[in-house]
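A short write-up of the structure that comes next.
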Amino acid sequence: MSLPSQSPIAWQDGSQWVFPSTQLPSYLFVVGVVAIITTFYTWTSSDKSINALPYINPSGFFTSIGAKRNFWASSLSLVDEARKKFPNQPWRVLTDYGDRIVLPPHLIKDIRNEKNMHFLKGFNLACFEPILLISRDDMMVTSIIKKYLVKPSVEMTKALSDESEFILSKFIGESPDWREMELAPLMSELVPRLASRAFLGEELCRNEEWLDVTRKWQHSWLFGTTILNLFPRPIRKLVHWVIPECIVLRSAMKDARRIIAPTLAKRREMKEAAIAAGREAPKFDDAFEWLEEEAAARGLVFDEALATDFQVIMGFVAFHTTTDVLKQFMIDLAYHEEYMQPVREEVIDLLRTEGMSRTSFYKMQLLDSAIKETQRLKPIEHIMLRRLVLDDVRLSNGLLLKKGTRTLVDSRAMRNPAVYENPDEWDATRFVKLRSQPGGAASAQLVSPTVNHFAFGYGKHACAGRFFAANSLKVILCHLLVKYEWKLVPGTDPTPIGMGVNFISNPTVKILIRRRQDVEVDLTSI
């Protein structure tokens, strides 16, 4: 498909992305119709305290589309300029998600556990139901994650290891010869399949139709939210019905429910038959079972719609976070090849003595440190910790955040030279060394958010799934490090790129990878 040359272009998982304002002529007329409404809405909903903040990219008189497109394509330079002009003070930016106040890092403690600042409130629109599920006030999804995934069971770790063996053999192969591969498409196959094994169980995890449908939903959601954010909030309840990506989302959800329905019906019949025969109903160690128990405790109906929403959002969150870290870590380790063998040797030694377990993963301090260092230098967003103000909040610097205000936090604290020596350099041993400092044994671990490292969030809205993400990363990296070796294709540019608020691994990266011949540990036997 040809693309307008003037459009800002980015990539995700091997696919080109174009900011949609020049790509959707079928409903561009809507933009013109609502231009005056947009201006009026923005003016009437603004607050004097917000308007007094410096604005790095104000919108045009009639529409904000131009400013949003510019931020989408040039966010890194715009944010860097704001950091220089307005150090240690809040500033305002028109992002691809809309108007935001960016708070300096020293205010992170103000919002850490602020009850009137919420992490996520999704679009209340048809086809966005999975997002609404994760933002429920009763925190049902978070409760499930904390109950079942903070300390993944031995059985789950074994299942993830077995699935890693299958996936890597299928998509990388067993050849001892170097093979050139694009890294982004490889990651888009590895992580969703691994997540499906954890959440769907053996019945559906290799169902290609399910994998295709969820992949379609994820990509359409990312496009659809970007397009919806071009419009003022009152208009979105109308335009989402005609936006192509939202139409695809609704279709994907119908297909996902159809695929899941037979599995749920089969399990329901098995449980009913067992109870009728006076036996204990069978239990399944997967996300269907977890959700059914939590839904019953809350008086919710466990049906195909709820189960599908849950599976889609769990897969999406795993895809969005784990894929990003894994991809960038493989790039960083290949670029800093002097660390490849020390990390591999640590993994092999611990697998030999401890097996693949929480104990061995905890002791893999160099691997843990290297992953955390990757997150430090390339978090998933370069302005992050998004919050919606639910009621007026006054910060310690006197700034009044009015209800409805949306904020972000500048991530530059993760490159603070007062905390990190040579902060712009990737050092795999950095957090191993920090563990020896007072309090470092806990704070320097991958899963520990701090005021100087909040790639997994911070405070009460820190990522509840970070323990599962860390466990999954270490499972698949054990397989990669023990059985394969890789390096960057000569001439490859490993520099991450900005795409709006997102900070993504360079999607053009290619690697050379091959099977190691002298494998020291048989991972199928541990």
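Identifiers in the structure tokens: chain A, B, ... in order shown; residue index from 1 per chain; ligand index from 1 in order shown.
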
Distance table requested - region 356-414 of chain A against region 78-84 of chain A, cut-off 9 Å, only C-alpha atoms: one row per qualifying residue with the closest atom pair and its distance in Å to one decimal, ordered by chain and rising residue number, as a tab-separated table.
residue	atom	partner	partner_atom	distance
A:His382	CA	A:Val79	CA	8.6
A:Ile383	CA	A:Val79	CA	8.3
A:Asp410	CA	A:Arg83	CA	8.6
A:Arg412	CA	A:Arg83	CA	8.7

*asked:* Please list as a list of chain:residue names every residue within 8 Å of region 136-148 of chain A, counting only C-alpha atoms and excluding residues in the same chain fewer than 2 positions away.
replied: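 What passes the distance filter is A:Leu132, A:Leu133, A:Ile134, A:Val150, A:Lys151, A:Pro152, A:Trp290, A:Leu291, A:Glu294, A:Phe310, A:Ala464, A:Gly465.
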
_Would you pick out the contacts of Lys170 (chain A) at 12 Å or less, using only C-alpha atoms, so that residues sharing its chain but fewer than 6 positions from it are not included, and give the list as a VMD selection string?_
chain A and resid 163 to 164 186 189 to 190 193

Atoms to include: N, CA, C and O atoms. Write the selected residues as a PDB file, in the first residue's frame.
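Generated output (part-v3.pdb):
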ATOM      1  N   GLU A 163       6.373 -24.263  26.297  1.00  0.00           N
ATOM      2  CA  GLU A 163       5.862 -23.481  25.169  1.00  0.00           C
ATOM      3  C   GLU A 163       6.998 -22.691  24.516  1.00  0.00           C
ATOM      4  O   GLU A 163       7.024 -22.542  23.281  1.00  0.00           O
ATOM      5  N   SER A 164       7.933 -22.191  25.312  1.00  0.00           N
ATOM      6  CA  SER A 164       9.094 -21.497  24.757  1.00  0.00           C
ATOM      7  C   SER A 164       9.891 -22.423  23.845  1.00  0.00           C
ATOM      8  O   SER A 164      10.347 -22.027  22.760  1.00  0.00           O
ATOM      9  N   LEU A 186       9.467 -11.363  14.860  1.00  0.00           N
ATOM     10  CA  LEU A 186       9.742 -12.521  15.714  1.00  0.00           C
ATOM     11  C   LEU A 186       9.123 -12.319  17.088  1.00  0.00           C
ATOM     12  O   LEU A 186       8.487 -13.221  17.642  1.00  0.00           O
ATOM     13  N   GLU A 189       5.418 -12.829  17.427  1.00  0.00           N
ATOM     14  CA  GLU A 189       4.984 -14.228  17.469  1.00  0.00           C
ATOM     15  C   GLU A 189       5.274 -14.844  18.843  1.00  0.00           C
ATOM     16  O   GLU A 189       4.449 -15.579  19.389  1.00  0.00           O
ATOM     17  N   LEU A 190       6.435 -14.560  19.404  1.00  0.00           N
ATOM     18  CA  LEU A 190       6.848 -15.214  20.637  1.00  0.00           C
ATOM     19  C   LEU A 190       5.955 -14.875  21.822  1.00  0.00           C
ATOM     20  O   LEU A 190       5.437 -15.758  22.505  1.00  0.00           O
ATOM     21  N   ARG A 193       2.041 -15.859  21.973  1.00  0.00           N
ATOM     22  CA  ARG A 193       1.870 -17.304  22.125  1.00  0.00           C
ATOM     23  C   ARG A 193       2.213 -17.748  23.553  1.00  0.00           C
ATOM     24  O   ARG A 193       1.550 -18.626  24.108  1.00  0.00           O
TER      25      ARG A 193
END

*Run DSSP on the backbone and give me the residues of region 333-426 of chain A it puts in helix (DSSP H, G or I), as a PyMOL selection string.*
chain A and resi 333-335+337-354+358-363+365-377+411-415

*Tell me, as a ChimeraX atom specification, which residues lie within 12 Å of Asn397 (chain A), counting only C-alpha atoms; anything in the same chain fewer than 6 positions away does not count.*
/A:88-90,103-104,106-110

*Taking the DSSP assignment computed from this structure's backbone, write out as number ranges by chain all residues of region 332-520 of chain A that belong to strand (DSSP E).*
A: 383-389, 393-394, 400-401, 406-410, 484-488, 497-499, 502-504, 510-515

*Compile the contact shell of Ser153 (chain A) as a list in words: residues with an atom at most 12 Å away, counting only C-alpha atoms, same-chain residues fewer than 5 positions apart removed.*
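Counting only the stated atoms, we get Lys147, Tyr148, Lys158, Ala159, Leu160, Ala198, Asp285, Asp286, Met356, Ser357, Arg358, Phe467, Phe468, Asn471 and Ser472 of chain A.
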
*asked:* Give me the residues near Val447 (chain A) as JSON, numbers by chain, where near means some atom within 9 Å (using only C-alpha atoms) and where sequence neighbours in that chain fewer than 6 positions away do not count.
replied: {"A": [372, 456, 466, 467, 470]}

Given the selection you just returned, output its residues as a file containing N, CA, C and O atoms, formatted as a PDB file, in the first residue's frame.
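In the end it all went to out32.pdb:
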ATOM      1  N   LYS A 372      16.740  -4.752  33.829  1.00  0.00           N
ATOM      2  CA  LYS A 372      16.345  -3.496  34.470  1.00  0.00           C
ATOM      3  C   LYS A 372      17.071  -2.298  33.833  1.00  0.00           C
ATOM      4  O   LYS A 372      16.495  -1.219  33.693  1.00  0.00           O
ATOM      5  N   PHE A 456       8.063   0.227  35.479  1.00  0.00           N
ATOM      6  CA  PHE A 456       6.878  -0.578  35.778  1.00  0.00           C
ATOM      7  C   PHE A 456       5.820   0.245  36.518  1.00  0.00           C
ATOM      8  O   PHE A 456       4.925  -0.308  37.154  1.00  0.00           O
ATOM      9  N   ARG A 466       3.940  -7.089  36.871  1.00  0.00           N
ATOM     10  CA  ARG A 466       5.385  -7.052  36.653  1.00  0.00           C
ATOM     11  C   ARG A 466       6.085  -8.333  37.113  1.00  0.00           C
ATOM     12  O   ARG A 466       7.105  -8.723  36.538  1.00  0.00           O
ATOM     13  N   PHE A 467       5.542  -9.005  38.113  1.00  0.00           N
ATOM     14  CA  PHE A 467       6.161 -10.254  38.588  1.00  0.00           C
ATOM     15  C   PHE A 467       6.004 -11.349  37.541  1.00  0.00           C
ATOM     16  O   PHE A 467       6.946 -12.099  37.267  1.00  0.00           O
ATOM     17  N   ALA A 470       8.311 -10.440  34.598  1.00  0.00           N
ATOM     18  CA  ALA A 470       9.712 -10.776  34.887  1.00  0.00           C
ATOM     19  C   ALA A 470       9.941 -12.281  34.789  1.00  0.00           C
ATOM     20  O   ALA A 470      10.957 -12.741  34.240  1.00  0.00           O
TER      21      ALA A 470
END

_Between CA of Ala195 (chain A) and CA of Glu155 (chain A), distance in Å (one decimal)_ = 14.6 Å

*What does the distance between CA of Arg352 (chain A) and CA of Ser525 (chain A) come to in Å, to one decimal place?*
10.7 Å

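Of the residues under consideration (A:Pro282, A:Ser135, A:Gln517, A:Leu200), A:Ser135 shows the shortest atom-to-atom contact distance to His118 (chain A) when counting only C-alpha atoms.
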
*Mind pulling up the distance from CA of Glu373 (chain A) to CA of Phe431 (chain A)?*
7.4 Å

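In this comparison, which uses only C-alpha atoms, the residue of A:Glu129, A:Ala276, A:Met499, A:Leu53 approaching Ile101 (chain A) most closely is A:Leu53.
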